[in-house]
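Visitor: Dropping in my_file17.csv, with CSV, C-alpha atoms.
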chain,number,residue,atom,x,y,z
D,1,MET,CA,77.9,-71.8,178.1
D,2,PRO,CA,75.3,-74.1,176.5
D,3,THR,CA,72.0,-72.3,175.8
D,4,SER,CA,69.8,-75.1,174.5
D,5,THR,CA,66.9,-76.4,176.6
D,6,VAL,CA,66.6,-79.6,174.4
D,7,THR,CA,66.7,-82.9,176.3
D,8,VAL,CA,66.5,-86.4,174.8
D,9,HIS,CA,64.7,-89.2,176.6
D,10,PRO,CA,64.8,-92.8,175.1
D,11,ALA,CA,61.3,-94.1,174.4
D,12,SER,CA,62.3,-97.8,174.6
D,13,PRO,CA,65.5,-99.8,174.8
D,14,ALA,CA,65.5,-100.6,171.0
D,15,VAL,CA,64.1,-97.5,169.2
D,16,GLY,CA,62.8,-94.0,169.6
D,17,ALA,CA,63.3,-91.0,171.8
D,18,GLU,CA,61.2,-88.1,173.1
D,19,ILE,CA,62.6,-84.6,172.5
D,20,ARG,CA,61.6,-82.1,175.2
D,21,GLY,CA,62.2,-78.4,175.7
D,22,VAL,CA,61.7,-77.3,172.1
D,23,ASN,CA,59.3,-75.4,169.9
D,24,LEU,CA,59.7,-76.8,166.4
D,25,ALA,CA,58.2,-73.6,164.9
D,26,GLN,CA,61.1,-71.5,166.3
D,27,LEU,CA,64.1,-73.8,166.1
D,28,SER,CA,67.6,-72.6,166.4
D,29,ASP,CA,70.5,-74.2,164.5
D,30,GLU,CA,71.9,-75.4,167.8
D,31,ASP,CA,68.7,-77.2,168.8
D,32,PHE,CA,68.3,-78.7,165.4
D,33,ALA,CA,71.9,-80.2,165.6
D,34,LEU,CA,70.9,-81.9,168.9
D,35,ILE,CA,67.7,-83.2,167.3
D,36,GLU,CA,69.5,-84.5,164.3
D,37,ALA,CA,72.1,-86.3,166.4
D,38,ALA,CA,69.3,-87.9,168.4
D,39,TRP,CA,67.6,-88.8,165.2
D,40,TYR,CA,70.5,-90.9,163.9
D,41,ARG,CA,71.0,-92.5,167.3
D,42,HIS,CA,67.4,-93.5,168.0
D,43,SER,CA,65.8,-93.9,164.5
D,44,ALA,CA,62.5,-92.3,165.6
D,45,LEU,CA,61.7,-89.1,167.5
D,46,LEU,CA,58.6,-87.9,169.3
D,47,VAL,CA,58.0,-84.2,170.1
D,48,ARG,CA,54.8,-83.4,172.1
D,49,ASP,CA,52.7,-80.3,172.7
D,50,GLN,CA,53.5,-78.6,169.4
D,51,ARG,CA,51.3,-76.0,167.7
D,52,LEU,CA,52.4,-76.2,164.1
D,53,THR,CA,50.8,-74.7,161.0
D,54,ASP,CA,51.3,-76.6,157.7
D,55,ALA,CA,54.0,-74.1,156.8
D,56,ASP,CA,55.8,-74.8,160.1
D,57,LEU,CA,55.6,-78.5,159.5
D,58,ILE,CA,57.0,-78.1,156.0
D,59,ARG,CA,59.8,-75.8,157.2
D,60,PHE,CA,60.9,-78.2,159.9
D,61,SER,CA,60.7,-81.2,157.6
D,62,ARG,CA,62.9,-79.5,155.0
D,63,ARG,CA,65.8,-79.3,157.5
D,64,PHE,CA,66.2,-83.0,157.0
D,65,GLY,CA,66.2,-82.8,153.2
D,66,GLU,CA,64.1,-82.2,150.1
D,67,LEU,CA,60.5,-83.2,150.4
D,68,ASP,CA,58.7,-85.7,148.2
D,69,PRO,CA,55.3,-84.8,146.8
D,70,PRO,CA,52.7,-87.1,148.5
D,71,PRO,CA,51.0,-89.8,146.5
D,72,VAL,CA,47.5,-89.3,145.3
D,73,ASN,CA,45.0,-91.0,147.7
D,74,GLU,CA,42.7,-93.9,146.9
D,75,ASN,CA,40.0,-91.6,145.6
D,76,GLY,CA,42.3,-89.9,143.1
D,77,LYS,CA,42.5,-86.7,145.1
D,78,THR,CA,45.4,-84.5,146.2
D,79,PHE,CA,45.2,-83.1,149.7
D,80,VAL,CA,46.0,-79.6,150.9
D,81,ALA,CA,45.7,-77.2,148.0
D,82,ASP,CA,48.0,-74.5,149.3
D,83,HIS,CA,50.6,-77.0,150.6
D,84,PRO,CA,51.1,-79.8,148.1
D,85,GLU,CA,53.9,-81.3,150.2
D,86,ILE,CA,51.3,-82.4,152.9
D,87,TYR,CA,49.7,-85.8,152.8
D,88,VAL,CA,46.6,-86.2,154.9
D,89,VAL,CA,46.0,-89.4,156.9
D,90,SER,CA,42.4,-89.4,158.0
D,91,ASN,CA,39.1,-91.3,158.1
D,92,VAL,CA,37.0,-88.1,158.0
D,93,ILE,CA,34.5,-87.8,155.2
D,94,GLY,CA,34.3,-84.4,153.6
D,95,ALA,CA,31.2,-82.4,152.7
D,96,ASP,CA,31.4,-83.9,149.2
D,97,GLY,CA,31.0,-87.4,150.6
D,98,VAL,CA,34.7,-88.2,149.8
D,99,PRO,CA,37.4,-88.9,152.5
D,100,ILE,CA,39.6,-85.9,153.1
D,101,GLY,CA,42.6,-88.2,153.5
D,102,SER,CA,43.9,-91.7,153.1
D,103,LEU,CA,44.1,-95.0,155.0
D,104,GLY,CA,40.7,-94.9,156.7
D,105,ALA,CA,40.2,-96.3,160.2
D,106,GLY,CA,41.5,-99.9,159.7
D,107,GLU,CA,44.8,-101.4,160.7
D,108,ALA,CA,47.8,-100.3,158.7
D,109,VAL,CA,50.1,-103.3,158.8
D,110,TRP,CA,53.8,-103.3,159.5
D,111,HIS,CA,55.6,-101.6,156.6
D,112,THR,CA,58.3,-99.3,155.4
D,113,ASP,CA,57.0,-96.3,153.4
D,114,MET,CA,57.1,-96.7,149.7
D,115,SER,CA,59.9,-99.3,149.7
D,116,TYR,CA,58.8,-100.3,146.2
D,117,LEU,CA,60.5,-97.3,144.8
D,118,SER,CA,64.1,-97.5,143.5
D,119,GLU,CA,65.1,-94.7,145.9
D,120,PRO,CA,62.6,-95.0,148.8
D,121,PRO,CA,62.0,-92.0,151.1
D,122,ASP,CA,64.5,-91.4,153.8
D,123,ALA,CA,62.0,-90.4,156.5
D,124,SER,CA,58.3,-89.7,157.3
D,125,LEU,CA,56.9,-87.1,159.8
D,126,LEU,CA,53.3,-87.4,161.2
D,127,TYR,CA,51.7,-84.5,163.1
D,128,ALA,CA,48.4,-85.0,165.0
D,129,LEU,CA,45.6,-82.5,164.6
D,130,GLU,CA,42.7,-84.8,165.8
D,131,VAL,CA,42.9,-88.1,167.5
D,132,PRO,CA,40.3,-90.7,168.6
D,133,PRO,CA,39.7,-91.3,172.3
D,134,GLU,CA,41.2,-94.8,171.9
D,135,GLY,CA,42.9,-96.9,169.2
D,136,GLY,CA,44.9,-95.6,166.3
D,137,ASP,CA,48.2,-96.1,168.1
D,138,THR,CA,51.4,-96.1,165.9
D,139,TRP,CA,54.1,-98.7,166.5
D,140,VAL,CA,57.7,-98.4,165.4
D,141,CYS,CA,60.3,-101.2,165.4
D,142,SER,CA,64.1,-101.1,165.1
D,143,MET,CA,65.4,-103.1,162.1
D,144,GLU,CA,68.9,-102.7,163.4
D,145,ALA,CA,67.8,-104.6,166.6
D,146,ALA,CA,65.9,-107.1,164.6
D,147,LEU,CA,68.9,-108.0,162.5
D,148,ALA,CA,71.1,-108.3,165.6
D,149,ALA,CA,68.5,-110.8,167.0
D,150,LEU,CA,68.5,-113.1,164.0
D,151,PRO,CA,70.2,-116.5,164.6
D,152,ALA,CA,73.6,-116.6,163.1
D,153,ALA,CA,72.6,-119.1,160.5
D,154,LEU,CA,69.7,-117.0,159.4
D,155,ARG,CA,71.9,-113.9,159.1
D,156,ARG,CA,74.3,-115.7,156.9
D,157,ARG,CA,71.5,-117.1,154.7
D,158,VAL,CA,70.0,-113.7,154.0
D,159,ALA,CA,73.2,-111.7,153.7
D,160,GLY,CA,73.3,-111.8,149.9
D,161,LEU,CA,69.6,-112.0,149.1
D,162,GLN,CA,67.2,-109.5,147.8
D,163,ILE,CA,63.5,-108.9,148.3
D,164,LYS,CA,61.2,-107.6,145.6
D,165,HIS,CA,59.1,-104.9,147.3
D,166,ASP,CA,55.5,-104.9,146.0
D,167,GLY,CA,54.0,-101.6,144.9
D,168,THR,CA,50.4,-102.8,144.2
D,169,TYR,CA,48.8,-102.0,147.5
D,170,ASN,CA,49.4,-99.4,150.2
D,171,SER,CA,49.7,-100.2,153.9
D,172,GLY,CA,45.9,-100.0,154.5
D,173,GLY,CA,45.4,-102.7,151.8
D,174,TYR,CA,44.1,-100.3,149.2
D,175,LEU,CA,45.0,-100.7,145.5
D,176,ARG,CA,47.2,-97.9,144.4
D,177,GLN,CA,45.9,-95.6,141.7
D,178,GLY,CA,46.6,-96.8,138.1
D,179,LEU,CA,47.7,-100.4,139.1
D,180,THR,CA,46.0,-103.7,138.6
D,181,ALA,CA,45.2,-106.0,141.5
D,182,SER,CA,47.7,-108.9,141.9
D,183,ASP,CA,48.3,-111.6,144.5
D,184,ASP,CA,51.2,-113.3,142.8
D,185,PRO,CA,54.4,-111.8,144.3
D,186,ARG,CA,56.5,-113.2,141.5
D,187,THR,CA,54.7,-111.1,138.9
D,188,SER,CA,53.4,-108.1,140.8
D,189,VAL,CA,54.9,-104.6,140.3
D,190,GLY,CA,57.9,-104.0,142.5
D,191,THR,CA,61.6,-103.2,143.0
D,192,PRO,CA,64.3,-105.5,144.4
D,193,HIS,CA,66.4,-104.3,147.3
D,194,PRO,CA,69.0,-106.1,149.5
D,195,ILE,CA,67.6,-107.8,152.7
D,196,VAL,CA,70.6,-106.6,154.7
D,197,CYS,CA,71.4,-102.9,154.0
D,198,ALA,CA,73.9,-100.4,155.3
D,199,HIS,CA,72.3,-97.2,156.7
D,200,PRO,CA,73.7,-94.5,154.3
D,201,VAL,CA,74.5,-92.1,157.2
D,202,THR,CA,75.4,-94.2,160.2
D,203,GLY,CA,76.8,-97.2,158.2
D,204,ARG,CA,75.2,-99.6,160.6
D,205,PRO,CA,73.6,-102.8,159.2
D,206,VAL,CA,69.8,-103.1,159.2
D,207,LEU,CA,67.1,-105.4,157.9
D,208,TYR,CA,65.1,-104.0,155.0
D,209,LEU,CA,61.8,-105.8,154.7
D,210,GLY,CA,59.3,-103.2,153.4
D,211,ARG,CA,55.9,-104.9,153.8
D,212,ARG,CA,54.8,-108.5,153.9
D,213,ARG,CA,52.0,-108.5,151.3
D,214,ASN,CA,53.3,-109.7,147.9
D,215,ALA,CA,56.9,-109.6,149.0
D,216,TYR,CA,59.2,-112.1,147.2
D,217,VAL,CA,62.8,-113.2,147.8
D,218,ILE,CA,64.5,-113.1,144.4
D,219,GLY,CA,65.7,-116.5,143.1
D,220,LEU,CA,63.7,-118.7,145.6
D,221,SER,CA,60.8,-120.9,144.9
D,222,LEU,CA,57.5,-119.3,146.1
D,223,PRO,CA,57.1,-121.7,149.1
D,224,ASP,CA,60.8,-121.2,150.2
D,225,SER,CA,60.4,-117.4,149.8
D,226,GLU,CA,57.2,-117.4,151.9
D,227,ALA,CA,58.8,-119.5,154.6
D,228,LEU,CA,61.9,-117.3,154.8
D,229,LEU,CA,59.9,-114.1,154.9
D,230,ASP,CA,57.7,-115.4,157.6
D,231,GLU,CA,60.7,-116.2,159.7
D,232,LEU,CA,62.2,-112.8,159.2
D,233,TRP,CA,59.0,-111.0,160.0
D,234,HIS,CA,58.7,-113.0,163.2
D,235,TYR,CA,62.0,-111.6,164.5
D,236,ALA,CA,61.5,-108.1,163.1
D,237,THR,CA,58.1,-107.6,164.9
D,238,LEU,CA,58.9,-109.0,168.3
D,239,PRO,CA,57.7,-106.5,170.9
D,240,VAL,CA,61.1,-106.1,172.4
D,241,HIS,CA,62.3,-104.4,169.3
D,242,GLY,CA,59.5,-101.8,169.2
D,243,TYR,CA,57.8,-98.7,170.7
D,244,ALA,CA,54.0,-98.2,170.8
D,245,HIS,CA,52.9,-94.5,170.6
D,246,ARG,CA,49.6,-93.4,172.0
D,247,TRP,CA,48.7,-90.1,170.3
D,248,ARG,CA,47.8,-86.7,171.7
D,249,VAL,CA,46.9,-83.6,169.7
D,250,GLY,CA,50.1,-81.7,169.0
D,251,ASP,CA,52.3,-84.8,168.8
D,252,LEU,CA,54.9,-85.0,166.0
D,253,LEU,CA,56.3,-88.4,165.4
D,254,MET,CA,59.0,-89.0,162.8
D,255,TRP,CA,60.8,-92.3,161.8
D,256,ASP,CA,63.7,-93.2,159.6
D,257,ASN,CA,62.4,-95.4,156.8
D,258,ARG,CA,65.9,-96.9,156.3
D,259,SER,CA,66.1,-98.4,159.8
D,260,THR,CA,62.5,-98.9,161.1
D,261,MET,CA,59.2,-100.3,160.2
D,262,HIS,CA,55.9,-99.0,161.5
D,263,ARG,CA,52.2,-99.9,161.8
D,264,ARG,CA,48.9,-98.5,163.1
D,265,ASP,CA,46.2,-100.0,165.2
D,266,PRO,CA,42.6,-99.8,164.0
D,267,PHE,CA,40.1,-97.4,165.7
D,268,ASP,CA,36.4,-96.7,165.7
D,269,ALA,CA,35.4,-95.4,162.3
D,270,ALA,CA,32.9,-93.1,164.0
D,271,SER,CA,35.8,-91.2,165.7
D,272,ARG,CA,37.8,-88.6,163.9
D,273,ARG,CA,41.5,-88.9,163.3
D,274,VAL,CA,43.3,-86.2,161.2
D,275,MET,CA,47.1,-86.3,160.7
D,276,HIS,CA,49.3,-84.3,158.4
D,277,ARG,CA,52.3,-86.0,157.0
D,278,THR,CA,55.4,-85.0,155.2
D,279,GLN,CA,58.0,-87.2,153.6
D,280,ILE,CA,61.8,-86.7,153.1
D,281,LYS,CA,62.9,-87.6,149.6
D,282,GLY,CA,65.3,-90.6,149.3
D,283,HIS,CA,68.7,-89.7,148.1
D,284,ALA,CA,70.2,-93.2,147.5
D,285,ARG,CA,69.1,-96.7,146.6
D,286,PRO,CA,69.3,-99.2,149.5
D,287,ARG,CA,72.8,-100.7,149.4
D,288,ALA,CA,73.8,-104.1,150.6
D,289,TYR,CA,75.8,-104.0,153.9
D,290,ALA,CA,78.6,-106.1,152.5
D,291,ALA,CA,79.0,-103.9,149.4
D,292,ALA,CA,79.0,-100.8,151.5
D,293,ALA,CA,81.6,-102.2,153.9
D,294,GLU,CA,83.9,-103.2,151.0
D,295,ALA,CA,83.6,-99.6,149.6
D,296,ARG,CA,84.5,-98.1,152.9
D,297,GLU,CA,87.6,-100.4,153.2
D,298,ALA,CA,88.6,-99.4,149.6
D,299,LEU,CA,88.5,-95.8,150.6
D,300,ALA,CA,90.4,-96.2,153.9
The structure given in the file should be rewritten as structure tokens.

Guide:
Amino acid sequence: MPTSTVTVHPASPAVGAEIRGVNLAQLSDEDFALIEAAWYRHSALLVRDQRLTDADLIRFSRRFGELDPPPVNENGKTFVADHPEIYVVSNVIGADGVPIGSLGAGEAVWHTDMSYLSEPPDASLLYALEVPPEGGDTWVCSMEAALAALPAALRRRVAGLQIKHDGTYNSGGYLRQGLTASDDPRTSVGTPHPIVCAHPVTGRPVLYLGRRRNAYVIGLSLPDSEALLDELWHYATLPVHGYAHRWRVGDLLMWDNRSTMHRRDPFDAASRRVMHRTQIKGHARPRAYAAAAEAREALA
């Protein structure tokens, strides 16, 4: 007889599900298997009312794969000395007058984490320790649903194209450590990836846009690139494709960077918001859907 108490409740028609009946600090293999299956089905998961130490968060995260070390924040600091895998997202100012984390209190625009890398991270997990009374909501959108919603002519147009993903600025608009400010997407630091990719686990086709600032469609004139990207972003960020999450302390939200984008609402800078984040290391370069489909056929 089944012994698991885990239940899965879709958060929206397009993306996300809430997992109930589980303590992530004491997770059986049976429960993890159910969570992992829901993960690939819904692309984003929410688990409420958790009481996780940093060690608990790291242990659960590692069940999805090797962890990436977090980037250094805008002030050149690392974050949690005893747990170098933890990235702190916070607007709180420490006793030394320096922010304890990254991204401040402003809006974090739609993006896919670290898409400028040759092998971007597979997933990100965000755990709420302190939340403001209002604002700071996190939005997630399905890039599988966005691709399906594109007009047929637009899908055909982008099928063989690549975007150069800018690495100059983070999602809060801050210049990354060691880089030079640039607003020319043709010359800024970045890595090209296919616009239409195959998810490496599910095989399903998804849009892969990264972030809008300094993005550039390889081979197009700058005006044509900007116009095409604006059109793609219009479809990708339609509310029907998304889920808006209002945070409570003890929430863990995780998203698949290969099949979603996410953003954050601004909030009152006088309020405190403290989140601890882990990141699952990428294990493959984004691969064009057509190329992946041809490879599957060759192996059949």

Visitor: Do a neighbour search on Ala198 (chain D) at 9 Å with all atoms listed in the file, toss out local chain neighbours closer than 2 positions, and write the hits as a PDB file with C-alpha atoms, in the frame of the given file.

Guide:
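Writing the result to around-v7.pdb gives the following:
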ATOM      1  CA  VAL D 196      70.600-106.600 154.700  1.00  0.00           C
ATOM      2  CA  PRO D 200      73.700 -94.500 154.300  1.00  0.00           C
ATOM      3  CA  VAL D 201      74.500 -92.100 157.200  1.00  0.00           C
ATOM      4  CA  THR D 202      75.400 -94.200 160.200  1.00  0.00           C
ATOM      5  CA  GLY D 203      76.800 -97.200 158.200  1.00  0.00           C
ATOM      6  CA  ARG D 204      75.200 -99.600 160.600  1.00  0.00           C
ATOM      7  CA  PRO D 205      73.600-102.800 159.200  1.00  0.00           C
ATOM      8  CA  VAL D 206      69.800-103.100 159.200  1.00  0.00           C
ATOM      9  CA  LEU D 207      67.100-105.400 157.900  1.00  0.00           C
ATOM     10  CA  ARG D 258      65.900 -96.900 156.300  1.00  0.00           C
ATOM     11  CA  PRO D 286      69.300 -99.200 149.500  1.00  0.00           C
ATOM     12  CA  ARG D 287      72.800-100.700 149.400  1.00  0.00           C
ATOM     13  CA  ALA D 288      73.800-104.100 150.600  1.00  0.00           C
ATOM     14  CA  TYR D 289      75.800-104.000 153.900  1.00  0.00           C
ATOM     15  CA  ALA D 290      78.600-106.100 152.500  1.00  0.00           C
ATOM     16  CA  ALA D 291      79.000-103.900 149.400  1.00  0.00           C
ATOM     17  CA  ALA D 292      79.000-100.800 151.500  1.00  0.00           C
ATOM     18  CA  ALA D 293      81.600-102.200 153.900  1.00  0.00           C
TER      19      ALA D 293
END

Visitor: When you draw a straight line from CA of Arg186 (chain D) to CA of Leu117 (chain D), how long is it in Å?

Guide: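 Pair CA of Arg186 (chain D) / CA of Leu117 (chain D) returns 16.7 Å.
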
Visitor: Can you pull out the residues contacting Phe79 (chain D)? Cut-off 12 Å, using only C-alpha atoms, and skip same-chain residues under 4 positions away; I want them as a PyMOL selection string.

Guide: chain D and resi 54+69-75+83-90+94+98-102+275-278

Visitor: Restricting the calculation to all atoms listed in the file: of D:Leu24, D:Val8, D:Leu161, D:Leu238, which residue gets closest to Arg41 (chain D)?

Guide: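 The shortest atom-to-atom distance to Arg41 (chain D) comes from D:Val8.
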
Visitor: So that I can see what lies close to Thr191 (chain D), please list as a ChimeraX atom specification the residues with an atom at most 9 Å from it, counting only C-alpha atoms and leaving out residues fewer than 6 positions away in the same chain.

Guide: /D:115-118,163-167

Visitor: Compile the contact shell of Val22 (chain D) as a PyMOL selection string: residues with an atom at most 8 Å away, counting all atoms listed in the file, same-chain residues fewer than 6 positions apart removed.

Guide: chain D and resi 5-6+31

Visitor: So the first atom is CA of Ser124 (chain D) and the second is CA of Gln279 (chain D); what is the distance between them in Å, to one decimal place?

Guide: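 Between CA of Ser124 (chain D) and CA of Gln279 (chain D) the gap works out to 4.5 Å.
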
Visitor: Could you pull out every residue with an atom within 10 Å of (62.9, -94.3, 159.2), file coordinates, counting only C-alpha atoms, and send them as a PyMOL selection string?

Guide: chain D and resi 39-40+42-45+112-113+121-125+140-143+254-262+280

Visitor: Since the input is missing atoms for region 189-200 of chain D, could you rebuild it with all heavy atoms and give the result as a PDB file, in the frame of the given file?

Guide:
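out16.pdb, freshly written:
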ATOM      1  N   VAL D 189      53.958-105.739 140.536  1.00  0.00           N
ATOM      2  CA  VAL D 189      54.900-104.600 140.300  1.00  0.00           C
ATOM      3  C   VAL D 189      55.719-104.420 141.588  1.00  0.00           C
ATOM      4  O   VAL D 189      55.228-104.449 142.718  1.00  0.00           O
ATOM      5  CB  VAL D 189      54.026-103.325 140.095  1.00  0.00           C
ATOM      6  CG1 VAL D 189      54.932-102.094 140.055  1.00  0.00           C
ATOM      7  CG2 VAL D 189      53.239-103.453 138.802  1.00  0.00           C
ATOM      8  N   GLY D 190      57.024-104.239 141.385  1.00  0.00           N
ATOM      9  CA  GLY D 190      57.900-104.000 142.500  1.00  0.00           C
ATOM     10  C   GLY D 190      59.334-103.824 142.163  1.00  0.00           C
ATOM     11  O   GLY D 190      59.716-103.964 140.999  1.00  0.00           O
ATOM     12  N   THR D 191      60.139-103.490 143.174  1.00  0.00           N
ATOM     13  CA  THR D 191      61.600-103.200 143.000  1.00  0.00           C
ATOM     14  C   THR D 191      62.378-104.036 143.957  1.00  0.00           C
ATOM     15  O   THR D 191      62.073-104.064 145.144  1.00  0.00           O
ATOM     16  CB  THR D 191      61.852-101.712 143.239  1.00  0.00           C
ATOM     17  OG1 THR D 191      61.046-100.926 142.363  1.00  0.00           O
ATOM     18  CG2 THR D 191      63.313-101.388 143.019  1.00  0.00           C
ATOM     19  N   PRO D 192      63.435-104.714 143.484  1.00  0.00           N
ATOM     20  CA  PRO D 192      64.300-105.500 144.400  1.00  0.00           C
ATOM     21  C   PRO D 192      65.240-104.598 145.201  1.00  0.00           C
ATOM     22  O   PRO D 192      65.793-103.633 144.666  1.00  0.00           O
ATOM     23  CB  PRO D 192      65.083-106.411 143.464  1.00  0.00           C
ATOM     24  CG  PRO D 192      64.421-106.307 142.127  1.00  0.00           C
ATOM     25  CD  PRO D 192      63.785-104.948 142.091  1.00  0.00           C
ATOM     26  N   HIS D 193      65.410-104.938 146.489  1.00  0.00           N
ATOM     27  CA  HIS D 193      66.400-104.300 147.300  1.00  0.00           C
ATOM     28  C   HIS D 193      67.063-105.362 148.218  1.00  0.00           C
ATOM     29  O   HIS D 193      66.449-106.388 148.527  1.00  0.00           O
ATOM     30  CB  HIS D 193      65.754-103.242 148.251  1.00  0.00           C
ATOM     31  CG  HIS D 193      65.173-102.071 147.528  1.00  0.00           C
ATOM     32  ND1 HIS D 193      65.916-101.283 146.678  1.00  0.00           N
ATOM     33  CD2 HIS D 193      63.919-101.554 147.533  1.00  0.00           C
ATOM     34  CE1 HIS D 193      65.136-100.317 146.188  1.00  0.00           C
ATOM     35  NE2 HIS D 193      63.929-100.466 146.685  1.00  0.00           N
ATOM     36  N   PRO D 194      68.307-105.131 148.656  1.00  0.00           N
ATOM     37  CA  PRO D 194      69.000-106.100 149.500  1.00  0.00           C
ATOM     38  C   PRO D 194      68.207-106.277 150.855  1.00  0.00           C
ATOM     39  O   PRO D 194      67.624-105.327 151.385  1.00  0.00           O
ATOM     40  CB  PRO D 194      70.339-105.462 149.789  1.00  0.00           C
ATOM     41  CG  PRO D 194      70.534-104.489 148.675  1.00  0.00           C
ATOM     42  CD  PRO D 194      69.175-103.994 148.317  1.00  0.00           C
ATOM     43  N   ILE D 195      68.243-107.494 151.396  1.00  0.00           N
ATOM     44  CA  ILE D 195      67.600-107.800 152.700  1.00  0.00           C
ATOM     45  C   ILE D 195      68.411-107.133 153.816  1.00  0.00           C
ATOM     46  O   ILE D 195      67.844-106.606 154.778  1.00  0.00           O
ATOM     47  CB  ILE D 195      67.423-109.272 152.901  1.00  0.00           C
ATOM     48  CG1 ILE D 195      66.424-109.838 151.889  1.00  0.00           C
ATOM     49  CG2 ILE D 195      66.961-109.563 154.328  1.00  0.00           C
ATOM     50  CD1 ILE D 195      66.228-111.338 151.979  1.00  0.00           C
ATOM     51  N   VAL D 196      69.719-107.183 153.719  1.00  0.00           N
ATOM     52  CA  VAL D 196      70.600-106.600 154.700  1.00  0.00           C
ATOM     53  C   VAL D 196      71.268-105.364 154.098  1.00  0.00           C
ATOM     54  O   VAL D 196      72.057-105.506 153.157  1.00  0.00           O
ATOM     55  CB  VAL D 196      71.618-107.561 155.274  1.00  0.00           C
ATOM     56  CG1 VAL D 196      72.482-106.885 156.348  1.00  0.00           C
ATOM     57  CG2 VAL D 196      70.935-108.795 155.850  1.00  0.00           C
ATOM     58  N   CYS D 197      70.940-104.177 154.593  1.00  0.00           N
ATOM     59  CA  CYS D 197      71.400-102.900 154.000  1.00  0.00           C
ATOM     60  C   CYS D 197      72.344-102.214 155.025  1.00  0.00           C
ATOM     61  O   CYS D 197      72.283-102.462 156.235  1.00  0.00           O
ATOM     62  CB  CYS D 197      70.290-102.001 153.658  1.00  0.00           C
ATOM     63  SG  CYS D 197      69.261-102.601 152.309  1.00  0.00           S
ATOM     64  N   ALA D 198      73.151-101.306 154.505  1.00  0.00           N
ATOM     65  CA  ALA D 198      73.900-100.400 155.300  1.00  0.00           C
ATOM     66  C   ALA D 198      73.178 -99.054 155.379  1.00  0.00           C
ATOM     67  O   ALA D 198      72.827 -98.504 154.337  1.00  0.00           O
ATOM     68  CB  ALA D 198      75.318-100.193 154.782  1.00  0.00           C
ATOM     69  N   HIS D 199      72.930 -98.537 156.581  1.00  0.00           N
ATOM     70  CA  HIS D 199      72.300 -97.200 156.700  1.00  0.00           C
ATOM     71  C   HIS D 199      73.267 -96.208 156.008  1.00  0.00           C
ATOM     72  O   HIS D 199      74.465 -96.177 156.311  1.00  0.00           O
ATOM     73  CB  HIS D 199      72.077 -96.840 158.131  1.00  0.00           C
ATOM     74  CG  HIS D 199      71.250 -95.616 158.297  1.00  0.00           C
ATOM     75  ND1 HIS D 199      71.739 -94.345 158.080  1.00  0.00           N
ATOM     76  CD2 HIS D 199      69.936 -95.461 158.635  1.00  0.00           C
ATOM     77  CE1 HIS D 199      70.777 -93.465 158.286  1.00  0.00           C
ATOM     78  NE2 HIS D 199      69.668 -94.119 158.633  1.00  0.00           N
ATOM     79  N   PRO D 200      72.755 -95.368 155.100  1.00  0.00           N
ATOM     80  CA  PRO D 200      73.700 -94.500 154.300  1.00  0.00           C
ATOM     81  C   PRO D 200      74.355 -93.428 155.132  1.00  0.00           C
ATOM     82  O   PRO D 200      75.349 -92.866 154.665  1.00  0.00           O
ATOM     83  CB  PRO D 200      72.722 -93.894 153.272  1.00  0.00           C
ATOM     84  CG  PRO D 200      71.368 -93.969 153.867  1.00  0.00           C
ATOM     85  CD  PRO D 200      71.358 -95.227 154.683  1.00  0.00           C
TER      86      PRO D 200
END
